[in-house]
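Note: the block below is run-v2.txt and it holds compact mmCIF, C-alpha atoms.
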```
# COMPACT_ATOMS: atom_id res chain seq x y z
CA MET A 1 100.15 101.99 97.94
CA SER A 2 97.69 99.54 99.45
CA THR A 3 99.04 96.05 100.04
CA THR A 4 95.58 94.48 99.90
CA THR A 5 95.47 91.23 97.95
CA GLN A 6 91.80 91.42 96.98
CA THR A 7 91.00 90.43 93.44
CA GLN A 8 88.65 92.62 91.44
CA PRO A 9 86.22 90.39 89.50
CA GLN A 10 83.67 91.85 87.10
CA SER A 11 80.98 89.82 88.86
CA THR A 12 80.68 86.74 91.04
CA THR A 13 76.89 86.52 90.81
CA PRO A 14 75.17 84.78 87.90
CA ALA A 15 72.83 87.03 85.94
CA ASP A 16 69.29 86.72 87.26
CA PRO A 17 66.98 89.39 85.79
CA ALA A 18 63.92 87.76 87.35
CA LYS A 19 65.38 88.21 90.82
CA ALA A 20 66.16 91.85 90.08
CA ALA A 21 62.55 92.39 89.00
CA ALA A 22 61.25 90.72 92.16
CA ILE A 23 63.46 92.86 94.40
CA ARG A 24 62.35 96.00 92.56
CA GLU A 25 58.69 95.12 92.96
CA LEU A 26 59.04 94.25 96.64
CA SER A 27 60.96 97.45 97.28
CA ARG A 28 58.38 99.60 95.49
CA GLU A 29 55.63 97.97 97.54
CA HIS A 30 57.18 98.20 101.01
CA VAL A 31 60.37 100.32 101.25
CA PHE A 32 60.07 104.05 101.96
CA VAL A 33 63.15 105.63 100.39
CA SER A 34 64.88 108.63 101.96
CA TRP A 35 64.98 112.05 100.25
CA SER A 36 62.72 110.83 97.44
CA ALA A 37 59.27 111.22 95.95
CA GLN A 38 58.23 107.61 96.30
CA ALA A 39 56.46 107.32 92.94
CA LYS A 40 59.60 108.43 91.10
CA VAL A 41 62.27 106.29 92.75
CA ASP A 42 63.55 103.05 91.24
CA PRO A 43 66.91 102.08 92.77
CA LEU A 44 69.13 99.50 91.12
CA PRO A 45 69.14 96.15 93.00
CA LEU A 46 72.74 95.24 93.83
CA ALA A 47 73.85 91.62 93.70
CA GLY A 48 77.37 91.97 95.09
CA GLY A 49 80.59 93.90 95.30
CA LEU A 50 84.28 93.55 96.01
CA GLY A 51 86.95 96.18 96.39
CA ALA A 52 86.03 99.20 94.29
CA ARG A 53 83.41 97.45 92.13
CA PHE A 54 79.81 96.42 92.51
CA TRP A 55 77.48 94.55 90.15
CA ASP A 56 73.80 94.03 89.50
CA TYR A 57 71.64 90.99 88.67
CA GLU A 58 71.81 91.74 84.96
CA GLY A 59 75.51 90.90 84.76
CA ASN A 60 76.66 94.54 84.67
CA SER A 61 79.70 95.56 86.71
CA TYR A 62 80.53 99.12 87.71
CA LEU A 63 83.55 100.93 89.05
CA ASP A 64 82.14 102.69 92.09
CA PHE A 65 82.95 106.41 92.18
CA THR A 66 80.34 107.02 94.91
CA SER A 67 81.45 104.71 97.76
CA GLN A 68 77.67 104.31 98.21
CA LEU A 69 77.08 107.45 100.33
CA VAL A 70 80.78 108.35 100.51
CA ASN A 71 81.31 105.79 103.25
CA VAL A 72 82.67 102.52 101.83
CA ASN A 73 86.26 103.69 102.25
CA ILE A 74 87.70 100.21 102.74
CA GLY A 75 85.80 98.86 99.73
CA TYR A 76 83.22 96.13 99.41
CA GLN A 77 83.54 92.83 101.26
CA HIS A 78 87.08 93.34 102.49
CA PRO A 79 87.88 89.79 103.61
CA ARG A 80 89.63 90.77 106.83
CA LEU A 81 86.83 93.08 107.90
CA VAL A 82 84.14 90.55 107.03
CA ALA A 83 86.02 87.96 109.09
CA ALA A 84 86.36 90.38 112.01
CA VAL A 85 82.61 91.06 112.04
CA GLN A 86 81.87 87.34 111.89
CA GLU A 87 84.29 86.64 114.74
CA ALA A 88 82.82 89.44 116.88
CA ALA A 89 79.30 88.15 116.27
CA GLY A 90 80.37 84.78 117.58
CA ARG A 91 81.62 86.29 120.85
CA LEU A 92 78.81 88.55 122.01
CA MET A 93 76.39 90.33 119.71
CA THR A 94 75.44 93.26 121.92
CA VAL A 95 76.67 94.91 125.12
CA GLY A 96 74.86 97.92 126.59
CA PRO A 97 76.76 101.11 127.43
CA ASN A 98 76.27 100.32 131.14
CA PHE A 99 78.88 97.54 130.77
CA ALA A 100 82.46 97.67 129.50
CA ASN A 101 83.38 95.88 126.28
CA GLU A 102 86.74 95.03 124.76
CA GLY A 103 85.88 96.03 121.18
CA ARG A 104 84.41 99.35 122.32
CA ALA A 105 87.48 100.20 124.39
CA GLU A 106 89.86 99.20 121.60
CA ALA A 107 87.96 101.18 118.97
CA ALA A 108 87.98 104.26 121.22
CA ARG A 109 91.74 103.90 121.74
CA LEU A 110 92.46 103.57 118.03
CA ILE A 111 90.26 106.55 117.12
CA SER A 112 91.68 108.82 119.82
CA GLU A 113 95.25 107.92 118.82
CA ARG A 114 94.54 109.33 115.36
CA ALA A 115 93.10 112.53 116.76
CA PRO A 116 95.25 115.41 118.05
CA GLU A 117 96.84 115.27 121.48
CA ARG A 118 94.60 115.80 124.49
CA MET A 119 91.59 114.27 122.75
CA ARG A 120 91.40 111.00 124.65
CA LYS A 121 87.70 110.23 125.03
CA VAL A 122 85.18 108.96 122.48
CA PHE A 123 81.39 108.95 122.77
CA PHE A 124 79.83 106.44 120.37
CA THR A 125 76.59 106.91 118.45
CA ASN A 126 74.77 104.99 115.73
CA GLY A 127 75.69 107.40 112.93
CA GLY A 128 76.83 110.85 111.90
CA ALA A 129 73.66 112.83 112.61
CA GLU A 130 73.55 111.54 116.20
CA ALA A 131 77.22 112.41 116.55
CA VAL A 132 76.47 116.00 115.53
CA GLU A 133 73.50 116.20 117.89
CA ASN A 134 75.64 115.11 120.83
CA ALA A 135 78.59 117.35 119.92
CA ILE A 136 76.25 120.35 120.02
CA ARG A 137 74.82 119.23 123.34
CA MET A 138 78.34 118.86 124.78
CA ALA A 139 79.44 122.28 123.51
CA ARG A 140 76.40 123.96 125.02
CA ALA A 141 76.80 122.20 128.34
CA HIS A 142 80.53 122.95 128.49
CA THR A 143 80.22 126.66 127.66
CA GLY A 144 76.84 127.44 129.20
CA ARG A 145 75.95 129.20 125.93
CA HIS A 146 73.22 128.39 123.44
CA LYS A 147 74.01 129.71 119.97
CA VAL A 148 75.73 127.60 117.30
CA LEU A 149 77.07 128.92 113.99
CA ALA A 150 77.07 126.71 110.89
CA SER A 151 77.80 127.33 107.22
CA TYR A 152 75.11 127.73 104.58
CA ARG A 153 77.05 125.35 102.34
CA SER A 154 76.83 122.39 104.67
CA TYR A 155 75.06 119.16 105.43
CA HIS A 156 75.24 117.80 108.97
CA GLY A 157 72.62 115.03 109.03
CA ALA A 158 68.91 114.29 108.89
CA THR A 159 67.82 114.40 112.54
CA SER A 160 66.01 117.56 113.65
CA GLY A 161 69.00 119.26 115.28
CA ALA A 162 71.46 118.22 112.59
CA LEU A 163 69.11 119.46 109.88
CA SER A 164 68.77 122.77 111.69
CA LEU A 165 72.54 123.12 111.50
CA THR A 166 72.52 122.13 107.82
CA GLY A 167 72.66 125.20 105.61
CA GLU A 168 71.45 123.75 102.31
CA ALA A 169 67.85 123.52 101.14
CA ARG A 170 67.11 120.14 102.72
CA ARG A 171 66.57 121.89 106.06
CA TRP A 172 63.67 123.97 104.72
CA GLY A 173 61.09 121.20 105.02
CA THR A 174 61.67 120.77 108.75
CA GLU A 175 61.71 124.44 109.79
CA PRO A 176 61.29 125.93 112.30
CA GLY A 177 64.22 123.99 113.66
CA LEU A 178 66.46 123.98 116.68
CA PRO A 179 66.61 127.44 118.30
CA GLY A 180 69.90 129.31 118.48
CA ILE A 181 71.26 128.25 115.07
CA VAL A 182 72.87 131.00 112.95
CA HIS A 183 74.23 130.44 109.44
CA PHE A 184 77.17 132.13 107.73
CA TRP A 185 78.89 131.94 104.35
CA GLY A 186 82.07 129.91 104.07
CA PRO A 187 84.75 130.12 101.34
CA TYR A 188 84.07 128.93 97.77
CA LEU A 189 86.38 130.83 95.45
CA TYR A 190 84.90 129.55 92.17
CA ARG A 191 81.53 131.08 93.11
CA SER A 192 82.76 133.58 95.68
CA THR A 193 80.20 135.24 97.92
CA PHE A 194 82.88 137.82 98.73
CA HIS A 195 83.88 138.81 95.16
CA ALA A 196 87.37 137.47 95.80
CA THR A 197 89.80 136.77 92.98
CA THR A 198 92.51 134.80 94.83
CA PRO A 199 92.48 132.08 97.50
CA GLU A 200 94.08 134.52 99.93
CA GLU A 201 91.35 137.11 99.38
CA GLU A 202 88.66 134.47 99.76
CA SER A 203 90.13 133.30 103.06
CA GLU A 204 90.56 136.80 104.44
CA ARG A 205 87.08 137.95 103.46
CA ALA A 206 85.35 134.78 104.61
CA LEU A 207 87.02 135.10 108.02
CA ALA A 208 86.04 138.77 108.25
CA HIS A 209 82.44 137.82 107.50
CA LEU A 210 82.51 135.08 110.14
CA ARG A 211 83.92 137.49 112.72
CA GLN A 212 81.17 139.99 111.93
CA THR A 213 78.57 137.26 112.35
CA VAL A 214 79.99 136.24 115.73
CA LEU A 215 80.03 139.85 116.92
CA ALA A 216 76.48 140.44 115.68
CA GLU A 217 75.27 137.43 117.70
CA ASN A 218 77.22 138.44 120.86
CA PRO A 219 80.22 136.15 121.38
CA GLN A 220 79.15 135.49 124.97
CA ASN A 221 76.12 133.64 123.58
CA VAL A 222 78.00 131.53 121.02
CA ALA A 223 78.75 127.99 122.17
CA ALA A 224 80.23 126.57 118.98
CA ILE A 225 81.12 126.96 115.34
CA ILE A 226 80.60 123.73 113.42
CA LEU A 227 81.99 123.17 109.94
CA GLU A 228 83.14 120.46 107.59
CA PRO A 229 86.92 120.95 107.21
CA VAL A 230 86.44 119.93 103.57
CA VAL A 231 82.82 120.59 102.64
CA GLY A 232 81.27 117.39 101.30
CA THR A 233 77.83 117.22 99.70
CA ASN A 234 77.77 120.95 98.98
CA GLY A 235 80.68 120.95 96.59
CA ILE A 236 83.78 119.20 97.97
CA LEU A 237 85.21 122.59 98.86
CA VAL A 238 88.82 122.54 100.03
CA PRO A 239 89.41 125.53 102.35
CA PRO A 240 91.78 128.23 101.12
CA PRO A 241 95.08 128.83 102.95
CA GLY A 242 94.63 130.21 106.44
CA TYR A 243 90.88 129.69 106.72
CA LEU A 244 90.72 126.83 109.23
CA GLU A 245 93.57 128.38 111.20
CA GLY A 246 91.59 131.62 111.30
CA VAL A 247 88.45 129.86 112.53
CA ARG A 248 90.48 128.24 115.29
CA ALA A 249 91.95 131.61 116.31
CA LEU A 250 88.51 133.23 116.34
CA CYS A 251 87.15 130.45 118.55
CA ASP A 252 90.09 130.83 120.93
CA GLU A 253 89.58 134.59 121.13
CA PHE A 254 85.97 134.29 122.28
CA GLY A 255 85.95 130.95 124.11
CA ILE A 256 83.91 129.26 121.38
CA MET A 257 84.08 125.51 120.73
CA PHE A 258 85.32 124.49 117.28
CA ILE A 259 83.45 121.38 116.09
CA ALA A 260 84.98 119.62 113.08
CA ASP A 261 82.37 117.55 111.26
CA GLU A 262 84.52 114.78 109.80
CA VAL A 263 81.63 112.39 109.13
CA MET A 264 82.32 112.39 105.38
CA ALA A 265 85.92 113.62 105.18
CA GLY A 266 87.40 111.44 107.93
CA PHE A 267 89.21 108.09 107.92
CA GLY A 268 91.12 108.27 104.67
CA ARG A 269 88.75 110.15 102.37
CA THR A 270 91.12 113.13 101.94
CA GLY A 271 94.28 111.03 102.21
CA LYS A 272 94.55 111.68 105.96
CA TRP A 273 92.92 110.12 108.99
CA PHE A 274 91.20 113.45 109.60
CA ALA A 275 90.96 116.20 106.99
CA PHE A 276 91.64 119.07 109.43
CA SER A 277 95.10 117.67 110.18
CA ARG A 278 96.30 119.04 106.83
CA TRP A 279 96.04 122.53 108.28
CA GLY A 280 97.47 121.80 111.72
CA VAL A 281 94.37 122.82 113.67
CA ARG A 282 92.98 121.12 116.77
CA PRO A 283 89.19 121.07 117.14
CA ASP A 284 87.47 120.87 120.51
CA LEU A 285 85.08 118.17 119.27
CA ILE A 286 85.25 115.89 116.22
CA THR A 287 82.24 114.10 114.80
CA PHE A 288 82.80 110.95 112.77
CA ALA A 289 80.92 108.04 111.18
CA LYS A 290 80.92 106.61 107.62
CA GLY A 291 84.57 105.75 106.94
CA VAL A 292 85.39 104.68 110.51
CA ASN A 293 84.22 101.17 109.58
CA SER A 294 82.99 101.81 106.01
CA GLY A 295 79.37 101.31 107.02
CA TYR A 296 79.73 97.57 107.50
CA VAL A 297 77.79 98.08 110.76
CA PRO A 298 76.13 101.44 111.67
CA LEU A 299 78.45 103.55 113.84
CA GLY A 300 79.35 107.16 114.58
CA GLY A 301 80.73 109.17 117.43
CA VAL A 302 82.33 112.24 118.94
CA VAL A 303 86.00 112.62 119.86
CA ILE A 304 86.15 114.91 122.90
CA SER A 305 88.99 117.19 123.95
CA ASP A 306 90.25 116.81 127.50
CA GLU A 307 89.02 120.34 128.26
CA VAL A 308 85.44 119.57 127.22
CA GLY A 309 85.57 116.15 128.83
CA ALA A 310 86.55 117.72 132.16
CA SER A 311 83.09 119.33 132.35
CA PHE A 312 81.59 115.88 132.78
CA GLU A 313 84.01 114.37 135.29
CA GLU A 314 81.82 115.21 138.28
CA THR A 315 78.65 116.39 136.50
CA PRO A 316 76.79 113.74 134.47
CA TYR A 317 76.47 114.17 130.75
CA VAL A 318 72.76 114.36 129.99
CA GLY A 319 72.64 112.13 126.95
CA GLY A 320 72.90 108.52 125.91
CA LEU A 321 71.85 105.81 123.49
CA THR A 322 70.86 102.19 124.00
CA TYR A 323 73.28 101.18 121.28
CA SER A 324 76.10 103.57 122.15
CA GLY A 325 79.27 101.65 121.40
CA HIS A 326 77.44 98.61 120.07
CA ALA A 327 79.69 95.57 120.41
CA LEU A 328 79.50 94.49 116.77
CA ALA A 329 79.88 98.02 115.41
CA THR A 330 82.88 98.97 117.53
CA ALA A 331 84.59 95.64 116.87
CA SER A 332 84.24 96.36 113.15
CA ALA A 333 85.70 99.86 113.64
CA ALA A 334 88.70 98.52 115.54
CA ALA A 335 89.29 95.98 112.79
CA ALA A 336 88.78 98.51 109.98
CA ILE A 337 91.28 100.99 111.43
CA THR A 338 93.84 98.23 111.95
CA ILE A 339 93.38 96.97 108.40
CA MET A 340 93.66 100.47 106.94
CA GLU A 341 96.90 100.98 108.87
CA ASP A 342 98.35 97.57 107.97
CA GLU A 343 97.55 97.85 104.28
CA GLY A 344 98.47 101.50 103.76
CA ILE A 345 94.95 102.36 102.63
CA VAL A 346 95.04 105.99 103.79
CA ASP A 347 98.36 106.50 102.01
CA ASN A 348 96.86 104.87 98.92
CA ALA A 349 94.06 107.45 98.94
CA GLU A 350 96.58 110.28 99.23
CA GLN A 351 98.66 108.97 96.33
CA LEU A 352 95.61 108.35 94.15
CA GLY A 353 94.62 111.99 94.56
CA SER A 354 98.02 113.55 94.01
CA ASP A 355 99.41 111.20 91.36
CA VAL A 356 96.40 109.90 89.43
CA ILE A 357 92.98 111.48 89.96
CA GLY A 358 94.07 115.10 90.27
CA PRO A 359 96.32 115.12 87.18
CA ALA A 360 93.83 113.09 85.11
CA LEU A 361 90.95 115.43 85.93
CA ALA A 362 93.14 118.44 85.11
CA GLU A 363 93.71 116.93 81.65
CA LEU A 364 89.96 116.47 81.23
CA ALA A 365 89.38 120.11 82.18
CA ASP A 366 91.78 121.18 79.43
CA LYS A 367 89.92 119.00 76.95
CA HIS A 368 86.25 119.60 77.76
CA ALA A 369 84.75 123.09 77.77
CA ALA A 370 81.90 121.88 79.99
CA ILE A 371 84.29 121.47 82.93
CA GLY A 372 84.48 124.76 84.81
CA GLU A 373 86.62 123.55 87.68
CA VAL A 374 87.98 120.39 89.28
CA ARG A 375 88.93 120.34 92.95
CA GLY A 376 89.62 117.87 95.70
CA LEU A 377 92.04 115.82 97.76
CA GLY A 378 92.71 112.12 98.13
CA VAL A 379 89.64 110.28 96.84
CA PHE A 380 87.34 113.27 97.38
CA TRP A 381 86.82 115.20 94.11
CA ALA A 382 84.27 117.38 92.35
CA VAL A 383 83.95 118.16 88.66
CA GLU A 384 81.92 121.34 88.21
CA LEU A 385 80.00 121.24 84.93
CA VAL A 386 79.07 124.53 83.29
CA ALA A 387 77.16 125.69 80.24
CA ASP A 388 79.58 128.59 79.77
CA ARG A 389 83.07 128.87 81.23
CA GLN A 390 83.06 132.66 81.12
CA THR A 391 79.79 133.19 82.99
CA ARG A 392 80.14 129.94 84.99
CA GLU A 393 76.46 129.22 84.37
CA PRO A 394 75.78 125.73 85.75
CA LEU A 395 75.13 122.98 83.23
CA GLY A 396 71.43 122.12 82.99
CA ALA A 397 70.00 119.12 84.82
CA GLU A 398 69.10 117.20 81.65
CA LYS A 399 72.63 117.45 80.29
CA VAL A 400 74.14 116.43 83.63
CA ALA A 401 71.80 113.41 83.66
CA ALA A 402 72.95 112.53 80.14
CA VAL A 403 76.60 112.57 81.26
CA VAL A 404 75.75 110.38 84.26
CA GLN A 405 73.91 107.87 82.06
CA ALA A 406 76.81 107.80 79.60
CA CYS A 407 79.20 107.06 82.48
CA LYS A 408 77.05 104.15 83.67
CA GLU A 409 76.86 102.73 80.16
CA ARG A 410 80.66 102.65 80.23
CA GLY A 411 80.84 100.86 83.57
CA MET A 412 81.53 103.83 85.86
CA TRP A 413 79.02 104.96 88.50
CA PRO A 414 79.45 108.64 89.49
CA SER A 415 77.64 110.73 92.10
CA PRO A 416 75.72 113.67 90.58
CA VAL A 417 75.01 116.63 92.89
CA SER A 418 73.36 119.65 91.25
CA ASN A 419 75.62 120.62 88.30
CA ARG A 420 78.56 118.66 89.68
CA LEU A 421 79.87 115.14 89.47
CA HIS A 422 81.40 114.02 92.75
CA LEU A 423 84.07 111.38 92.20
CA VAL A 424 84.53 109.68 95.56
CA PRO A 425 85.73 106.09 95.08
CA PRO A 426 86.77 103.71 97.86
CA CYS A 427 90.21 104.38 99.30
CA VAL A 428 91.29 100.90 98.12
CA MET A 429 90.80 101.72 94.45
CA THR A 430 93.91 101.00 92.39
CA ALA A 431 95.61 103.49 90.09
CA GLU A 432 94.58 101.37 87.10
CA GLU A 433 90.93 101.42 88.18
CA ALA A 434 91.02 105.17 88.76
CA ARG A 435 92.40 105.74 85.26
CA GLU A 436 89.77 103.39 83.83
CA GLY A 437 86.99 105.31 85.54
CA ILE A 438 88.24 108.72 84.45
CA ALA A 439 88.66 107.45 80.90
CA ALA A 440 84.99 106.44 81.03
CA LEU A 441 84.10 109.97 82.16
CA ASP A 442 86.16 111.39 79.29
CA GLU A 443 84.19 109.29 76.79
CA ALA A 444 80.90 110.11 78.49
CA LEU A 445 81.48 113.86 78.26
CA SER A 446 82.29 113.58 74.57
CA ALA A 447 79.25 111.37 73.91
CA ALA A 448 76.67 113.28 75.97
CA LEU A 449 77.73 116.87 75.25
```
Starting from the coordinates I provided, produce the structure as structure tokens.
Amino acid sequence: MSTTTQTQPQSTTPADPAKAAAIRELSREHVFVSWSAQAKVDPLPLAGGLGARFWDYEGNSYLDFTSQLVNVNIGYQHPRLVAAVQEAAGRLMTVGPNFANEGRAEAARLISERAPERMRKVFFTNGGAEAVENAIRMARAHTGRHKVLASYRSYHGATSGALSLTGEARRWGTEPGLPGIVHFWGPYLYRSTFHATTPEEESERALAHLRQTVLAENPQNVAAIILEPVVGTNGILVPPPGYLEGVRALCDEFGIMFIADEVMAGFGRTGKWFAFSRWGVRPDLITFAKGVNSGYVPLGGVVISDEVGASFEETPYVGGLTYSGHALATASAAAAITIMEDEGIVDNAEQLGSDVIGPALAELADKHAAIGEVRGLGVFWAVELVADRQTREPLGAEKVAAVVQACKERGMWPSPVSNRLHLVPPCVMTAEEAREGIAALDEALSAAL
């Protein structure tokens, strides 16, 4: 378990409703909020946070089962990470990519050491979408091919290319997108596209479908297959046995690059440094962001296999960013990885999933007919809410909203996505806090439904 000595106060900020109102008004007047109809958005002003809790200006404290946008893996205001950022800011605030920097080099070393063998180079970006954009560019340059396959049940970021790769409905508003993108269906046994009845059938049929898609697009034109090893926003879908291994084999057969999008799943979220490591596969490129430094400073990147990297030893890579490997961001990543290692935070996430969250959610599923399925790993879980267990009809939006509100009234802040509740707390959450949060969900389901 984590050896962190952080205390977990209910709040360290005096109640100040007037300040909350002022922040709300200023935000409504001047802040353009992502993915939102501006007239309908009214975000809660946050006053502070520590560990796995945050609080508002009204004196209300919440157990965070969202990790903001599934990125605050190390928790709020971790004292060692805050101190590391402060110390780095005192040395040198920014160093362009045309110079070398100690924090950048150290962060790259620590990241590559947690990747598979023969993945020694790291290209830094400002976030996950830029990481995906550059991974695609590298795959195309390395292979000399132009097509990229991505799953329909996926989200890869909000830049134009990353949204083109995204399979879910958020890409519709920006179409036509990047040319050469082809989508396919990945495994999701609970709502199987392939009419499978077992995990083995789902894996076999999903791989057969992917092979057919590759062949239909001409393998000699396919540069890469990109997927989230554990699908995030689109359901927290853990792959069935053999699926990732089959994707790797298919890529090897046709000389296709396998890009693992670990932006959400990486750095402890699934109880491992990288989610794909559970299945013993080695990608050609790994994209990361979010948990690498828990969003304390914006950062993302691409881990590059030696084979792909060799393409750019004598030929320049046509890509770059002013803030690639920003001094403050990479110093925070180096510190965050060191802290997570020292304090056993990744192991804590693994144990929370196997010993606490998984069993507790299974008990809730036995108790509440509205729960169709629970699934997940580490601190990465989904509760699928249904109106009817037999037909698996999704629970209506109003009833889901009622459950969410009931959770918040009980001091637990979940992440609603369609008919699901995603329970994705910081990796530093304690077993007691996890039980407290799931007990709040238990009460909320009884009260709202």
Which residues of range 12-117 of chain A come within 9 Å of range 320-339 of chain A, and what is each one's closest atom pair and distance in Å (one decimal), counting all atoms listed in the file, sorted by chain and residue number, as a Markdown table?
```
| residue | atom | partner | partner_atom | distance |
| --- | --- | --- | --- | --- |
| A:Ile74 | CA | A:Ala336 | CA | 7.5 |
| A:Arg80 | CA | A:Ile339 | CA | 7.4 |
| A:Leu81 | CA | A:Ala336 | CA | 6.1 |
| A:Val82 | CA | A:Ser332 | CA | 8.4 |
| A:Ala84 | CA | A:Ala335 | CA | 6.4 |
| A:Val85 | CA | A:Ser332 | CA | 5.7 |
| A:Gln86 | CA | A:Leu328 | CA | 9.0 |
| A:Ala88 | CA | A:Leu328 | CA | 6.0 |
| A:Ala89 | CA | A:Leu328 | CA | 6.4 |
| A:Leu92 | CA | A:Ala327 | CA | 7.3 |
| A:Met93 | CA | A:Leu328 | CA | 6.0 |
| A:Thr94 | CA | A:Ala327 | CA | 5.1 |
| A:Val95 | CA | A:Ala327 | CA | 5.6 |
| A:Gly96 | CA | A:Thr322 | CA | 6.4 |
| A:Pro97 | CA | A:Ser324 | CA | 5.9 |
| A:Asn101 | CA | A:Ala327 | CA | 6.9 |
| A:Glu102 | CA | A:Ala331 | CA | 8.2 |
| A:Gly103 | CA | A:Ala331 | CA | 4.5 |
| A:Arg104 | CA | A:Thr330 | CA | 5.0 |
| A:Ala105 | CA | A:Thr330 | CA | 8.4 |
| A:Glu106 | CA | A:Ala334 | CA | 6.2 |
| A:Ala107 | CA | A:Ala334 | CA | 4.4 |
| A:Ala108 | CA | A:Ala334 | CA | 8.1 |
| A:Arg109 | CA | A:Ala334 | CA | 8.8 |
| A:Leu110 | CA | A:Ala334 | CA | 6.8 |
| A:Ile111 | CA | A:Ile337 | CA | 8.0 |
```
Counting all atoms listed in the file, what is within 10 Å of Val263 in chain A, bar same-chain residues fewer than 4 positions away, as a count of residues only? 23
Have a look at A:Glu409, A:Ala162, A:Leu210, A:Ile371 and name the one nearest to Gln390 in chain A; count all atoms listed in the file.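 Selected residue with least distance to Gln390 in chain A: A:Ile371.
Closest approach to Gly295 in chain A among A:Arg140, A:Asn60, A:Met264, A:Ala22 is made by A:Met264 (distances from only C-alpha atoms).
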Take the point (77.8, 122.7, 86.1) as written in the file and pick out every residue within 12 Å of it, counting only C-alpha atoms; give the list as a PyMOL selection string. chain A and resi 190-191+235+369-374+382-389+391-401+403+416-422
Residue with smallest distance to Ala115 in chain A - pool A:Gln405, A:Ser305, A:Ser164, A:Thr315, counting only C-alpha atoms: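 Looking at the shortest contact to Ala115 in chain A, the residue is A:Ser305.
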One decimal, Å: what's the distance from CA of Arg282 in chain A over to CA of Pro116 in chain A, could you say? 6.3 Å
Between CA of Ala439 in chain A and CA of Val346 in chain A, what is the spacing in Å?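 One can read the CA of Val346 in chain A to CA of Ala439 in chain A distance as 23.8 Å.
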Any idea what's packed within 10 Å of range 194-206 of chain A, counting all atoms listed in the file, ignoring anything in its chain fewer than 3 positions away? Could you give it as JSON, numbers by chain? {"A": [184, 185, 186, 187, 188, 189, 190, 191, 209, 210, 211, 212, 239, 240, 241, 242, 243, 244, 246, 247]}
Considering all atoms listed in the file, return as a PyMOL selection string whatever protein or nucleic-acid residues lie within 6 Å of Gly353 in chain A, sequence-local ones (same chain, fewer than 4 positions apart) excluded. chain A and resi 357-358+377-379
Nearest residue to Tyr152 in chain A from the set A:Met412, A:Met138, A:Ala169, A:Leu364 (distances using only C-alpha atoms): A:Ala169
Enumerate, as a PyMOL selection string, the protein, DNA and RNA residues whose atoms approach (79.6, 133.7, 122.2) to within 12 Å, taking into account only C-alpha atoms and the coordinate frame of the file. chain A and resi 139-140+143-149+180+182+211+213-225+250-258
Expressed in Å to a single decimal, how great is the separation between CA of Ala434 in chain A and CA of Ala275 in chain A?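 Calculated distance between CA of Ala434 in chain A and CA of Ala275 in chain A is 21.3 Å.
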Quick one: residues within 9 Å of Glu436 in chain A, only C-alpha atoms, excluding same-chain residues fewer than 4 positions away - as a list in words?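 Neighbouring residues, sequence-local ones excluded: Leu63, Met412, Ala431, Glu432, Ala440 and Leu441 of chain A.
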